[in-house]
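Some notes on the structure that comes next.
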Amino acid sequence: MDVGFVSEFRDGKRKFRFVDGEPEIPIHVGGADPLQESYCHYVARGLLPQLLNDARKNPITNAMRATHELPVGAHISVPIRLLNGSIYGTFCCFSRQPNPALGDKELEVVRVCADVVSSLIEDAVSFGNGLLEKRQRIDELIESRNVVMVYQPIYRLSDNRLMSFEALARIPGEPSRPPDSWFNEAVEVGRGTKLELMAVEEATKGLLALPQQTSLSLNLSPDAIFSEEFEKVFDELPCERLVVELTEHEPVADYGALRARLAGYRSAGLRLAIDDVGAGYASFRHILDLSPDLIKLDTALTRNIDSDLARQTLARAITMFGRKMGCEVVAEGVETVQELEALRDIGATKVQGFLIGRPMILSDAAKLAPVFECRKLKFNSASILKAAS
C-alpha cells in the first residue's frame, strides 16, 4: 500500500490524525474533508466492503472524486471501535493501483492494527479525562483556598531560643492524602506555581501573630521563584522575616539566573535555605552555586544518627562545610533526645522535629515561649514536657 492513515470522525468531517505515505499525496495530519464524501463513511455504515481490490469496479467508489484524483486503486478500511461501542474513525490504507492479490490475510492484519489503535486511543482518552479531572480538582482548591497552614518551630541550640517556624500546608479536601500528593498533582496539570504561591500567601497572613523575633520559612520551587506571581507576592512582604527553602528534589536549569532573580530580595533581608541536604547530589550543587544562608539536614540523615556512624560522619562533614561557607545548619526530623545530643556534638546550630515541636496551628504557635528552660542548656524529656505544658 502507498498510504496508511488513522482518521477521526468529528463534527461531520473525517479528520486525519496520523498519516504515513508518499509526500505528494494530498493527505496530511490535521487535514479534513466532509465525512459523507469519504470511503470511511460508507465502510463504517456497512455500505462498502472493508477490502476493495479495485475501487473503480465498485459503483459507489467509482462515482467518488477521490478514486480518480488521487487515484485510489486497492483499498482496505476498518472501523476503529471504542469500548463503549462508538466508532472513533477508521484505520485505512490504499494503493494507487488495483491489487487483486489482496485477501482475507491482509484484511485481518489491518483489523489487528485497528484494534491496537483503539486500545491506544482508549488509553489516551482515559489519560486526558484523568488530567481534566485533576485540573478541575486543583483549580477548585486554589479558588476556594482550602488550605490550612501549620507552623513547626525551629530552635537555636546555643541558647535554646525560638528562632523561626517552617510553614507547612495541610489540605483537608478530598481525596484524603498527604500534601505532597496535592502539590505533585498541581505540577502535573500546570498549576504547581499557583498552588505554591497561594500557600505562601496563606502562610504569611500569620506573620503578625508570630513572635516578632522569629522568621518564617516558606517552601518554593525554582519555577515558582521565576514566575511573575512571585514578584507580586514577595514585593508586599517583609523580606527580613522570611526564609525561602529550595528543595533538593527540584532541578535548577540556570543557577546564575536564579541567583540574579533572588539578589534584590536577599539584599532586602530575605534568606535562602537549601532543604533536604544529604538526600542526594543536587543539594550540594545548590549549596555551591547559590551560597545559601542555611543548610537543612534531611530527615533521612538525622534519623538514628546517634547510633549510626556513617550518618554521623556525613552530617559532621556537611556541618563543617556549611560553617566554612558561612551557613547555619538546621537539623530536621529530630525525634529523640539521643538524636538531639548527637547533632549538638556534630555542630548543628538549629533543630526542628517532633521532639522539639510538632507542626501547630497559628494560635498555638503564637503562644510558644521564646526560650526552652532546659537543664544545662540541653534539651531533655523533662524540659520538653514542661515547655509543652
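Residues in the C-alpha cells are numbered from 1 in each chain, the chains being A, B, ... in the order shown, and ligands are numbered from 1 in the order shown.
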
Segment 62-65 of chain A: which residues within 12 Å, counting only C-alpha atoms, same-chain residues fewer than 4 positions away excluded, as an MDAnalysis selection string?
chainID A and resid 36:39 42 48 52 54:58 69:73

Pick out the residues sitting within 12 Å of Arg358 of chain A, and hand them over as a ChimeraX atom specification; count only C-alpha atoms, and ignore anything fewer than 2 positions along from it in its own chain.
/A:150-154,165-168,332-335,352-356,360-361,364-365,368,384,388

What would the file look like if the residues just selected were written as a compact mmCIF listing (two decimals), in the first residue's frame with N, CA and C atoms?
# COMPACT_ATOMS: atom_id res chain seq x y z
N VAL A 150 0.07 25.23 58.94
CA VAL A 150 0.56 24.93 60.28
C VAL A 150 2.02 25.36 60.35
N TYR A 151 2.51 25.53 61.57
CA TYR A 151 3.82 26.14 61.78
C TYR A 151 4.64 25.27 62.72
N GLN A 152 5.80 24.82 62.25
CA GLN A 152 6.67 23.98 63.09
C GLN A 152 7.84 24.81 63.59
N PRO A 153 8.06 24.83 64.91
CA PRO A 153 9.10 25.69 65.46
C PRO A 153 10.51 25.16 65.19
N ILE A 154 11.45 26.09 65.13
CA ILE A 154 12.88 25.79 64.96
C ILE A 154 13.62 26.53 66.06
N PHE A 165 9.90 29.52 62.33
CA PHE A 165 8.91 28.48 62.06
C PHE A 165 9.00 28.11 60.59
N GLU A 166 8.72 26.84 60.31
CA GLU A 166 8.52 26.44 58.91
C GLU A 166 7.03 26.32 58.66
N ALA A 167 6.55 26.99 57.62
CA ALA A 167 5.14 26.92 57.26
C ALA A 167 4.89 25.68 56.42
N LEU A 168 3.92 24.90 56.81
CA LEU A 168 3.59 23.66 56.11
C LEU A 168 2.10 23.64 55.81
N GLU A 332 16.70 18.66 60.63
CA GLU A 332 15.27 18.37 60.59
C GLU A 332 14.99 16.96 61.12
N GLY A 333 13.75 16.72 61.48
CA GLY A 333 13.30 15.38 61.82
C GLY A 333 13.85 14.83 63.12
N VAL A 334 14.19 15.71 64.07
CA VAL A 334 14.73 15.25 65.35
C VAL A 334 13.58 14.72 66.21
N GLU A 335 13.70 13.46 66.61
CA GLU A 335 12.60 12.82 67.35
C GLU A 335 13.00 12.27 68.71
N GLN A 352 14.89 21.04 64.51
CA GLN A 352 13.46 21.06 64.18
C GLN A 352 12.99 19.61 64.17
N GLY A 353 11.83 19.32 64.70
CA GLY A 353 11.33 17.95 64.68
C GLY A 353 10.29 17.73 65.76
N PHE A 354 9.70 16.55 65.75
CA PHE A 354 8.62 16.23 66.69
C PHE A 354 9.08 16.32 68.14
N LEU A 355 10.36 16.03 68.41
CA LEU A 355 10.86 16.14 69.79
C LEU A 355 10.77 17.58 70.27
N ILE A 356 11.03 18.51 69.39
CA ILE A 356 11.06 19.93 69.75
C ILE A 356 9.68 20.56 69.66
N MET A 360 1.94 23.10 64.24
CA MET A 360 0.79 23.51 65.03
C MET A 360 0.06 24.66 64.36
N ILE A 361 -1.19 24.84 64.75
CA ILE A 361 -1.97 25.94 64.18
C ILE A 361 -1.41 27.27 64.68
N ASP A 364 -1.58 28.41 68.42
CA ASP A 364 -0.66 27.72 69.32
C ASP A 364 0.78 28.18 69.10
N ALA A 365 1.14 28.40 67.84
CA ALA A 365 2.50 28.87 67.55
C ALA A 365 2.75 30.23 68.18
N LEU A 368 3.99 30.11 71.91
CA LEU A 368 5.20 29.41 72.33
C LEU A 368 6.14 30.33 73.10
N ILE A 384 11.14 19.32 77.85
CA ILE A 384 10.19 19.34 76.75
C ILE A 384 8.76 19.23 77.25
N ALA A 388 5.92 22.05 76.95
CA ALA A 388 4.65 21.72 76.29
C ALA A 388 3.46 22.05 77.17

Considering only C-alpha atoms, can you say which of A:Ala209, A:Gly269, A:Ile225, A:Gly130 comes closest to Glu240 of chain A?
A:Gly269

Give me the residues near Ser267 of chain A as an MDAnalysis selection string, where near means some atom within 12 Å (using only C-alpha atoms) and where sequence neighbours in that chain fewer than 6 positions away do not count.
chainID A and resid 239:240 259:261

Residues from last step as file, C-alpha atoms, as a PDB file, in the first residue's frame:
ATOM      1  CA  CYS A 239      11.717  40.024  53.435  1.00  0.00           C
ATOM      2  CA  GLU A 240      13.759  40.447  56.622  1.00  0.00           C
ATOM      3  CA  ARG A 259      20.902  33.968  41.880  1.00  0.00           C
ATOM      4  CA  ALA A 260      20.039  37.099  39.923  1.00  0.00           C
ATOM      5  CA  ARG A 261      16.341  36.542  40.491  1.00  0.00           C
TER       6      ARG A 261
END

So, counting only C-alpha atoms, which residue among A:Val117, A:Ile142, A:Leu220, A:Ala186 is closest to Met198 of chain A?
A:Ile142

How would you write, as a ChimeraX atom specification, the set of residues in segment 173-331 of chain A that DSSP gives as strand (DSSP E)?
/A:215-220,242-246,271-277,294-297,328-331

Check the smallest atom-to-atom distance from each of A:Leu290, A:Lys296, A:Asp115, A:Val148 to Ser217 of chain A using only C-alpha atoms, then report the winner.
A:Lys296

Can you work out the spacing between atom CA of Leu258 of chain A and atom CA of Val200 of chain A in Å, to one decimal?
18.9 Å

DSSP-assigned alpha helix (DSSP H) among segment 173-367 of chain A, expressed as a PyMOL selection string
chain A and resi 179-188+192-204+222-226+228-234+255-267+282-290+299-302+309-324+337-346+362-366
